[in-house]
Amino acid sequence: MGLEILGIVLFVLLIGASIALHEIGHLVPAKKFGVRVTDYMVGFGPTIWSKVRGETRYGLKAIPVGGYIRMIGMLPPGKDDPEGTARTMNTGRFAAMVAQARQQSLEEIEPGDENRVFYKLPVHKRLIIMLGGPFMNLLLAVLLFGVVLVGIGLPQPTTAVNSVVPCTPTVEQPTGDPLPSGACPAGSLPTPAAEAGLLADDVIVSVGPIASSSWDDLTEWIRANPGRSTQVVVERDGGQVSLPLVVADVERPVYDENGEPTGASEQVGFLGVSPQFEYSPQPVTAIPGYMWDITYRSAAALVSLPVRVFELVDETLIGGGERSLDSPVSVVGASRLGGEIAAMEQPVTSKVATFLGLAASLNLFLFLFNLLPILPLDGGHAAGALYEGIRRTVARVRGKPDPGPVDTAKLLPVAYVVAGVLIVVGVVVIWADLVKPITLS
């Protein structure tokens with residue numbers, strides 16, 4: 001329990017550091033470009049601690065699910081409004097909402113701040129400010145993945161035996177576990193490894209004609225030779241032992257390149273041992289390819305997020321089904337996984353690699369999520385700045401007057417709806433993490 005709590009605390013601190021760095025990615029360029037930043041906050045809800053330095057209040061809030069910086073002049077005045085004012089004659093709920101938000105934004109502008117507002121910055125500077133946060137998450141993901149790949153390495157199977165599978169796998173019992181009585185279930189037989197007497201910590205020297213230090217070479221020959229009588233030579237207690245056996249002929253599912261079952265099956269050879277793993281450090285050049293693969297998978301997960309949230313509600317929370325491993329997870333669930341990783345009965349190296357990999361994957365997902373071109377996300381503000389730049393360029397080429405800044409205030413109703421949806425989804429996922437958590441065991 002102590003290790004699990006320690007893991008949870010460490011992962012919460014990692015999440016807090018990710019949030020803090022994300023907001024620094026906004027804060028530093030905003031100050032560099034002269035925008036007055038009134039608040040820098042990590043977290044939401046009640047303020048735990050704050051301190052004013054210069055013109056900015058820095059602080060920590062109670063709920064570590066995000067953060068923000070407050071810049072003056074995020075919303076421009078209306079097209080027909082004199083600068084520094086907002087019309088009060090508005091009809092309709094949305095119009096009144098927009099006018100109120102615009103007025104609050106303008107009230108933050110003090111005398112002397114007229115040229116320190118966000119909306120007056122050139123487009124490229126606004127893009128740097130808004131994309132600085134997500135790219136801090138990307139940088140952190142690259143650094144963490146780099147530590148895992150180069151500093152620790154990827155787990156590679158060795159020819160040392162970790163465990164012996166008792167029974168040949170079946171559709172009903174794919175893991176090869178025996179019945180409580182110790183006998184193999186119907187349709188299953190003792191595996192060749194169990195019958196031959198292979199033991200944990202044996203090191204396989206050769207199988208049949210294949211003498212190799214590569215686990216992949218050995219398993220390739222075994223799978224290609226079902227029913228073959230052969231010899232397995234292992235190192236045991238400082239000597240070599242030759243064990244006769246007959247490779248089992250079993251039906252196994254066929255998986256695609258992503259490790260997902262295709263629904264097809266094939267007859268293959270089966271020995272019945274699982275390998276021990278050791279971590280093999282990778283070269284720095286392995287990081288881009290690894291990152292690209294993880295990014296592709298994360299983008300696919302992001303696209304399918306609405307469907308997976310629906311399945312979480314319909315099949316798990318309402319239907320009472322098991323929680324899928326690819327189900328959405330909140331900060332609560334991720335922190336719980338961090339605690340579970342710390343409490344695993346695994347070598348410290350394995351736990352550190354898994355822990356840092358989870359943190360890196362979370363930061364990569366946050367990078368992609370914040371790039372979505374919808375308000376109130378960073379990508380929505382960036383999209384507005386890009387649209388403004390395109391509109392001004394077109395006007396200049398056509399010899400038309402400068403159309404001025406894009407009135408992002410008109411999109412506030414959409415931003416409020418999106419924010420409401422995100423809050424609801426967050427509450428649902430947090431609830432699922434509490435009552436039906438994802439577990440690694």
# chains A, B, ... in the order shown; residues from 1 in each chain; ligands from 1
call {"tool": "select_by_dssp", "arguments": {"residues": "range 93-222 of chain A", "states": "alpha helix (DSSP H)", "output": "ChimeraX atom specification"}}
result
/A:93-107,123-146,192-196,215-222
call {"tool": "closest_atom_pairs", "arguments": {"of": "range 85-202 of chain A", "to": "range 28-34 of chain A", "cutoff": "12 Å", "atoms": "only C-alpha atoms", "output": "CSV"}}
result
residue,atom,partner,partner_atom,distance
A:Asp113,CA,A:Gly34,CA,9.7
A:Glu114,CA,A:Gly34,CA,11.2
A:Asn115,CA,A:Gly34,CA,8.5
A:Arg116,CA,A:Gly34,CA,5.7
A:Val117,CA,A:Gly34,CA,8.3
A:Phe118,CA,A:Ala30,CA,8.3
A:Tyr119,CA,A:Ala30,CA,11.7
A:Lys120,CA,A:Gly34,CA,10.8
A:Leu121,CA,A:Phe33,CA,8.0
A:Pro122,CA,A:Phe33,CA,9.9
A:Val123,CA,A:Phe33,CA,11.9
A:His124,CA,A:Phe33,CA,11.0
A:Lys125,CA,A:Phe33,CA,7.3
A:Arg126,CA,A:Ala30,CA,8.3
A:Leu127,CA,A:Pro29,CA,10.1
A:Ile128,CA,A:Pro29,CA,7.0
A:Ile129,CA,A:Pro29,CA,5.6
A:Met130,CA,A:Ala30,CA,9.0
A:Leu131,CA,A:Pro29,CA,10.2
A:Gly132,CA,A:Pro29,CA,7.7
A:Gly133,CA,A:Val28,CA,9.9
A:Met136,CA,A:Val28,CA,11.4
call {"tool": "atom_distance", "arguments": {"atom1": "CA of Ile19 in chain A", "atom2": "CA of Leu317 in chain A"}}
result
29.2 Å
call {"tool": "residues_around", "arguments": {"residues": "range 411-417 of chain A", "least_positions_apart": "2", "cutoff": "9 Å", "atoms": "only C-alpha atoms", "output": "VMD selection string"}}
result
chain A and resid 94 97 to 98 101 374 to 377 407 to 409 419 to 422
call {"tool": "residues_around", "arguments": {"residues": "range 1-14 of chain A", "least_positions_apart": "6", "cutoff": "7 Å", "atoms": "only C-alpha atoms", "output": "number ranges by chain"}}
result
A: 335-336, 338-340, 342-343
call {"tool": "closest_residue", "arguments": {"among": "A:Leu434, A:Ala196, A:Ile109, A:Val164", "to": "Pro76 in chain A", "atoms": "only C-alpha atoms"}}
result
A:Ile109
call {"tool": "closest_residue", "arguments": {"among": "A:Gly239, A:Gly404, A:Pro157, A:Pro174", "to": "Asp216 in chain A", "atoms": "only C-alpha atoms"}}
result
A:Pro157
call {"tool": "residues_around", "arguments": {"residues": "range 307-311 of chain A", "least_positions_apart": "2", "cutoff": "12 Å", "atoms": "only C-alpha atoms", "output": "compact mmCIF listing (two decimals) with N, CA, C and O atoms, in the first residue's frame"}}
result
# COMPACT_ATOMS: atom_id res chain seq x y z
N ALA A 300 -5.28 8.41 -33.46
CA ALA A 300 -6.40 7.51 -33.72
C ALA A 300 -7.30 7.41 -32.49
O ALA A 300 -8.54 7.39 -32.60
N ALA A 301 -6.69 7.37 -31.29
CA ALA A 301 -7.47 7.32 -30.05
C ALA A 301 -8.27 8.61 -29.87
O ALA A 301 -9.41 8.58 -29.40
N LEU A 302 -7.68 9.75 -30.27
CA LEU A 302 -8.37 11.02 -30.13
C LEU A 302 -9.58 11.09 -31.07
O LEU A 302 -10.66 11.55 -30.68
N VAL A 303 -9.41 10.60 -32.29
CA VAL A 303 -10.53 10.60 -33.25
C VAL A 303 -11.68 9.73 -32.76
O VAL A 303 -12.85 10.06 -32.92
N SER A 304 -11.33 8.61 -32.13
CA SER A 304 -12.37 7.68 -31.67
C SER A 304 -12.86 7.99 -30.27
O SER A 304 -13.66 7.23 -29.71
N LEU A 305 -12.42 9.12 -29.68
CA LEU A 305 -12.77 9.44 -28.30
C LEU A 305 -14.29 9.52 -28.07
O LEU A 305 -14.78 8.95 -27.08
N VAL A 313 -20.02 4.71 -21.18
CA VAL A 313 -21.29 4.94 -20.50
C VAL A 313 -22.25 3.78 -20.74
O VAL A 313 -22.83 3.22 -19.79
N ASP A 314 -22.42 3.41 -22.01
CA ASP A 314 -23.44 2.42 -22.38
C ASP A 314 -23.07 1.00 -21.92
O ASP A 314 -23.91 0.30 -21.34
N GLU A 315 -21.84 0.59 -22.17
CA GLU A 315 -21.47 -0.80 -21.90
C GLU A 315 -20.93 -1.03 -20.50
O GLU A 315 -21.10 -2.11 -19.94
N THR A 316 -20.26 -0.01 -19.93
CA THR A 316 -19.61 -0.22 -18.64
C THR A 316 -20.43 0.34 -17.48
O THR A 316 -20.81 -0.38 -16.56
N LEU A 317 -20.74 1.65 -17.52
CA LEU A 317 -21.43 2.27 -16.40
C LEU A 317 -22.90 1.87 -16.34
O LEU A 317 -23.44 1.63 -15.25
N ILE A 318 -23.56 1.78 -17.49
CA ILE A 318 -24.97 1.38 -17.50
C ILE A 318 -25.11 -0.12 -17.65
O ILE A 318 -25.86 -0.77 -16.91
N GLY A 319 -24.37 -0.70 -18.60
CA GLY A 319 -24.50 -2.12 -18.87
C GLY A 319 -23.80 -3.02 -17.87
O GLY A 319 -24.05 -4.23 -17.82
N GLY A 320 -22.88 -2.46 -17.07
CA GLY A 320 -22.19 -3.27 -16.06
C GLY A 320 -21.09 -4.14 -16.62
O GLY A 320 -20.61 -5.04 -15.93
N GLY A 321 -20.67 -3.90 -17.87
CA GLY A 321 -19.62 -4.70 -18.48
C GLY A 321 -18.25 -4.34 -17.95
O GLY A 321 -18.07 -3.39 -17.18
N GLU A 322 -17.25 -5.11 -18.37
CA GLU A 322 -15.87 -4.86 -17.96
C GLU A 322 -15.33 -3.61 -18.63
O GLU A 322 -15.71 -3.28 -19.75
N ARG A 323 -14.45 -2.91 -17.93
CA ARG A 323 -13.82 -1.70 -18.47
C ARG A 323 -12.77 -2.09 -19.50
O ARG A 323 -11.88 -2.91 -19.23
N SER A 324 -12.88 -1.51 -20.70
CA SER A 324 -11.92 -1.78 -21.76
C SER A 324 -10.59 -1.10 -21.45
O SER A 324 -10.55 0.00 -20.88
N LEU A 325 -9.49 -1.76 -21.83
CA LEU A 325 -8.16 -1.20 -21.58
C LEU A 325 -7.92 0.08 -22.38
O LEU A 325 -7.09 0.91 -22.00
N ASP A 326 -8.62 0.24 -23.53
CA ASP A 326 -8.44 1.46 -24.33
C ASP A 326 -9.51 2.49 -24.01
O ASP A 326 -9.72 3.44 -24.76
N SER A 327 -10.17 2.31 -22.88
CA SER A 327 -11.19 3.26 -22.44
C SER A 327 -10.54 4.59 -22.07
O SER A 327 -9.38 4.62 -21.62
N PRO A 328 -11.26 5.72 -22.21
CA PRO A 328 -10.70 7.01 -21.78
C PRO A 328 -10.38 6.97 -20.29
O PRO A 328 -11.05 6.29 -19.51
N VAL A 329 -9.35 7.69 -19.90
CA VAL A 329 -8.94 7.70 -18.50
C VAL A 329 -8.70 9.15 -18.08
O VAL A 329 -8.22 9.97 -18.86
N SER A 330 -9.08 9.48 -16.85
CA SER A 330 -8.91 10.84 -16.33
C SER A 330 -7.61 10.95 -15.55
O SER A 330 -6.85 9.99 -15.42
N VAL A 421 -19.41 20.45 -22.42
CA VAL A 421 -19.28 19.04 -22.83
C VAL A 421 -18.03 18.42 -22.22
O VAL A 421 -18.07 17.28 -21.71
N LEU A 422 -16.93 19.15 -22.24
CA LEU A 422 -15.68 18.63 -21.67
C LEU A 422 -15.82 18.38 -20.17
O LEU A 422 -15.29 17.39 -19.64
N VAL A 424 -18.65 17.65 -18.57
CA VAL A 424 -19.50 16.46 -18.41
C VAL A 424 -18.69 15.19 -18.68
O VAL A 424 -18.77 14.21 -17.92
N VAL A 425 -17.94 15.19 -19.78
CA VAL A 425 -17.13 14.02 -20.12
C VAL A 425 -16.11 13.75 -19.01
O VAL A 425 -15.90 12.60 -18.60
N GLY A 426 -15.49 14.81 -18.49
CA GLY A 426 -14.53 14.64 -17.41
C GLY A 426 -15.15 14.02 -16.17
O GLY A 426 -14.57 13.12 -15.55
N VAL A 427 -16.35 14.47 -15.82
CA VAL A 427 -17.04 13.92 -14.64
C VAL A 427 -17.37 12.45 -14.86
O VAL A 427 -17.19 11.61 -13.97
N VAL A 428 -17.84 12.11 -16.08
CA VAL A 428 -18.19 10.72 -16.39
C VAL A 428 -16.96 9.82 -16.28
O VAL A 428 -17.01 8.73 -15.68
N VAL A 429 -15.85 10.26 -16.87
CA VAL A 429 -14.63 9.43 -16.87
C VAL A 429 -14.07 9.31 -15.45
O VAL A 429 -13.62 8.23 -15.04
N ILE A 430 -14.10 10.40 -14.68
CA ILE A 430 -13.64 10.32 -13.30
C ILE A 430 -14.48 9.34 -12.50
O ILE A 430 -13.97 8.53 -11.72
N ALA A 432 -16.12 6.80 -13.68
CA ALA A 432 -15.77 5.45 -14.13
C ALA A 432 -14.44 5.02 -13.51
O ALA A 432 -14.28 3.85 -13.13
call {"tool": "closest_residue", "arguments": {"among": "A:Tyr387, A:Phe369, A:Phe277, A:Tyr296", "to": "Ala160 in chain A", "atoms": "only C-alpha atoms"}}
result
A:Phe277
call {"tool": "residues_around", "arguments": {"residues": "Phe367 in chain A", "least_positions_apart": "2", "cutoff": "6 Å", "atoms": "only C-alpha atoms", "output": "PyMOL selection string"}}
result
chain A and resi 134+137-138+364-365+369-370
call {"tool": "closest_residue", "arguments": {"among": "A:Thr158, A:Gln276, A:Thr168, A:Thr393", "to": "Val247 in chain A", "atoms": "only C-alpha atoms"}}
result
A:Thr168
call {"tool": "residues_around", "arguments": {"residues": "range 285-291 of chain A", "least_positions_apart": "6", "cutoff": "10 Å", "atoms": "only C-alpha atoms", "output": "VMD selection string"}}
result
chain A and resid 141 to 143 145 to 150 297 361 364
call {"tool": "atom_distance", "arguments": {"atom1": "CA of Val246 in chain A", "atom2": "CA of Gly263 in chain A"}}
result
27.9 Å
call {"tool": "closest_residue", "arguments": {"among": "A:Leu27, A:Ile48, A:Val352, A:Leu271", "to": "Val207 in chain A", "atoms": "only C-alpha atoms"}}
result
A:Leu271
call {"tool": "closest_atom_pairs", "arguments": {"of": "range 278-387 of chain A", "to": "range 152-156 of chain A", "cutoff": "10 Å", "atoms": "only C-alpha atoms", "output": "JSON lines"}}
result
{"residue": "A:Glu278", "atom": "CA", "partner": "A:Pro155", "partner_atom": "CA", "distance": 5.4}
{"residue": "A:Tyr279", "atom": "CA", "partner": "A:Pro155", "partner_atom": "CA", "distance": 4.4}
{"residue": "A:Ser280", "atom": "CA", "partner": "A:Gly153", "partner_atom": "CA", "distance": 4.5}
{"residue": "A:Pro281", "atom": "CA", "partner": "A:Gly153", "partner_atom": "CA", "distance": 3.5}
{"residue": "A:Gln282", "atom": "CA", "partner": "A:Gly153", "partner_atom": "CA", "distance": 5.6}
{"residue": "A:Pro283", "atom": "CA", "partner": "A:Gly153", "partner_atom": "CA", "distance": 9.1}
{"residue": "A:Thr349", "atom": "CA", "partner": "A:Ile152", "partner_atom": "CA", "distance": 7.2}
{"residue": "A:Ser350", "atom": "CA", "partner": "A:Pro155", "partner_atom": "CA", "distance": 8.3}
{"residue": "A:Val352", "atom": "CA", "partner": "A:Ile152", "partner_atom": "CA", "distance": 8.7}
{"residue": "A:Ala353", "atom": "CA", "partner": "A:Ile152", "partner_atom": "CA", "distance": 6.8}
call {"tool": "select_by_dssp", "arguments": {"residues": "range 90-161 of chain A", "states": "strand (DSSP E)", "output": "ChimeraX atom specification"}}
result
/A:154-161
call {"tool": "closest_residue", "arguments": {"among": "A:Arg223, A:Val348, A:Ala264, A:Thr38", "to": "Lys51 in chain A", "atoms": "only C-alpha atoms"}}
result
A:Thr38
call {"tool": "atom_distance", "arguments": {"atom1": "CA of Ser206 in chain A", "atom2": "CA of Pro178 in chain A"}}
result
27.6 Å
call {"tool": "decode", "arguments": {"residues": "range 233-258 of chain A", "atoms": "N, CA, C and O atoms", "output": "tab-separated table (two decimals), in the first residue's frame"}}
result
chain	number	residue	atom	x	y	z
A	233	VAL	N	17.70	-28.24	-25.92
A	233	VAL	CA	18.89	-28.21	-25.07
A	233	VAL	C	18.86	-26.94	-24.24
A	233	VAL	O	18.69	-25.84	-24.78
A	234	VAL	N	19.00	-27.11	-22.91
A	234	VAL	CA	18.97	-25.95	-22.01
A	234	VAL	C	20.19	-25.98	-21.10
A	234	VAL	O	20.76	-27.03	-20.82
A	235	GLU	N	20.56	-24.76	-20.67
A	235	GLU	CA	21.59	-24.63	-19.63
A	235	GLU	C	20.89	-24.62	-18.28
A	235	GLU	O	19.95	-23.85	-18.05
A	236	ARG	N	21.38	-25.51	-17.38
A	236	ARG	CA	20.76	-25.61	-16.05
A	236	ARG	C	21.85	-26.00	-15.04
A	236	ARG	O	22.56	-26.97	-15.25
A	237	ASP	N	21.94	-25.21	-13.99
A	237	ASP	CA	22.90	-25.49	-12.91
A	237	ASP	C	24.34	-25.64	-13.43
A	237	ASP	O	25.09	-26.53	-13.00
A	238	GLY	N	24.71	-24.81	-14.39
A	238	GLY	CA	26.06	-24.81	-14.89
A	238	GLY	C	26.37	-25.84	-15.95
A	238	GLY	O	27.49	-25.90	-16.47
A	239	GLY	N	25.41	-26.67	-16.31
A	239	GLY	CA	25.61	-27.67	-17.35
A	239	GLY	C	24.50	-27.61	-18.38
A	239	GLY	O	23.59	-26.78	-18.30
A	240	GLN	N	24.58	-28.47	-19.38
A	240	GLN	CA	23.56	-28.52	-20.42
A	240	GLN	C	22.75	-29.81	-20.29
A	240	GLN	O	23.30	-30.88	-20.00
A	241	VAL	N	21.44	-29.67	-20.50
A	241	VAL	CA	20.52	-30.81	-20.42
A	241	VAL	C	19.75	-30.88	-21.72
A	241	VAL	O	19.23	-29.87	-22.21
A	242	SER	N	19.65	-32.08	-22.30
A	242	SER	CA	18.89	-32.29	-23.53
A	242	SER	C	17.57	-32.94	-23.17
A	242	SER	O	17.53	-33.99	-22.51
A	243	LEU	N	16.45	-32.32	-23.60
A	243	LEU	CA	15.11	-32.80	-23.25
A	243	LEU	C	14.34	-33.14	-24.52
A	243	LEU	O	14.13	-32.26	-25.38
A	244	PRO	N	13.90	-34.40	-24.71
A	244	PRO	CA	13.10	-34.74	-25.88
A	244	PRO	C	11.66	-34.28	-25.71
A	244	PRO	O	11.11	-34.28	-24.60
A	245	LEU	N	11.05	-33.87	-26.81
A	245	LEU	CA	9.64	-33.45	-26.77
A	245	LEU	C	9.06	-33.49	-28.17
A	245	LEU	O	9.78	-33.60	-29.17
A	246	VAL	N	7.73	-33.37	-28.25
A	246	VAL	CA	7.00	-33.27	-29.50
A	246	VAL	C	6.29	-31.92	-29.51
A	246	VAL	O	5.49	-31.62	-28.60
A	247	VAL	N	6.59	-31.08	-30.48
A	247	VAL	CA	5.97	-29.75	-30.57
A	247	VAL	C	4.46	-29.90	-30.72
A	247	VAL	O	3.99	-30.65	-31.58
A	248	ALA	N	3.70	-29.21	-29.88
A	248	ALA	CA	2.24	-29.31	-29.93
A	248	ALA	C	1.69	-28.62	-31.17
A	248	ALA	O	2.30	-27.67	-31.69
A	249	ASP	N	0.53	-29.08	-31.63
A	249	ASP	CA	-0.18	-28.49	-32.76
A	249	ASP	C	-1.43	-27.83	-32.22
A	249	ASP	O	-2.37	-28.50	-31.78
A	250	VAL	N	-1.45	-26.48	-32.18
A	250	VAL	CA	-2.59	-25.77	-31.59
A	250	VAL	C	-3.15	-24.75	-32.57
A	250	VAL	O	-2.48	-24.32	-33.51
A	251	GLU	N	-4.40	-24.37	-32.33
A	251	GLU	CA	-5.06	-23.34	-33.13
A	251	GLU	C	-4.92	-22.01	-32.39
A	251	GLU	O	-5.33	-21.88	-31.24
A	252	ARG	N	-4.34	-21.03	-33.08
A	252	ARG	CA	-4.11	-19.73	-32.45
A	252	ARG	C	-4.70	-18.62	-33.31
A	252	ARG	O	-4.72	-18.72	-34.55
A	253	PRO	N	-5.22	-17.56	-32.69
A	253	PRO	CA	-5.77	-16.44	-33.46
A	253	PRO	C	-4.69	-15.70	-34.24
A	253	PRO	O	-3.52	-15.68	-33.84
A	254	VAL	N	-5.08	-15.10	-35.35
A	254	VAL	CA	-4.17	-14.30	-36.17
A	254	VAL	C	-4.36	-12.83	-35.79
A	254	VAL	O	-5.50	-12.35	-35.71
A	255	TYR	N	-3.27	-12.13	-35.55
A	255	TYR	CA	-3.32	-10.72	-35.15
A	255	TYR	C	-2.78	-9.84	-36.28
A	255	TYR	O	-1.92	-10.26	-37.06
A	256	ASP	N	-3.31	-8.60	-36.35
A	256	ASP	CA	-2.82	-7.67	-37.35
A	256	ASP	C	-1.56	-6.97	-36.82
A	256	ASP	O	-1.08	-7.28	-35.72
A	257	GLU	N	-1.05	-6.02	-37.59
A	257	GLU	CA	0.21	-5.35	-37.24
A	257	GLU	C	0.10	-4.52	-35.97
A	257	GLU	O	1.10	-4.18	-35.34
A	258	ASN	N	-1.16	-4.18	-35.56
A	258	ASN	CA	-1.37	-3.41	-34.34
A	258	ASN	C	-1.65	-4.29	-33.14
A	258	ASN	O	-1.99	-3.78	-32.06
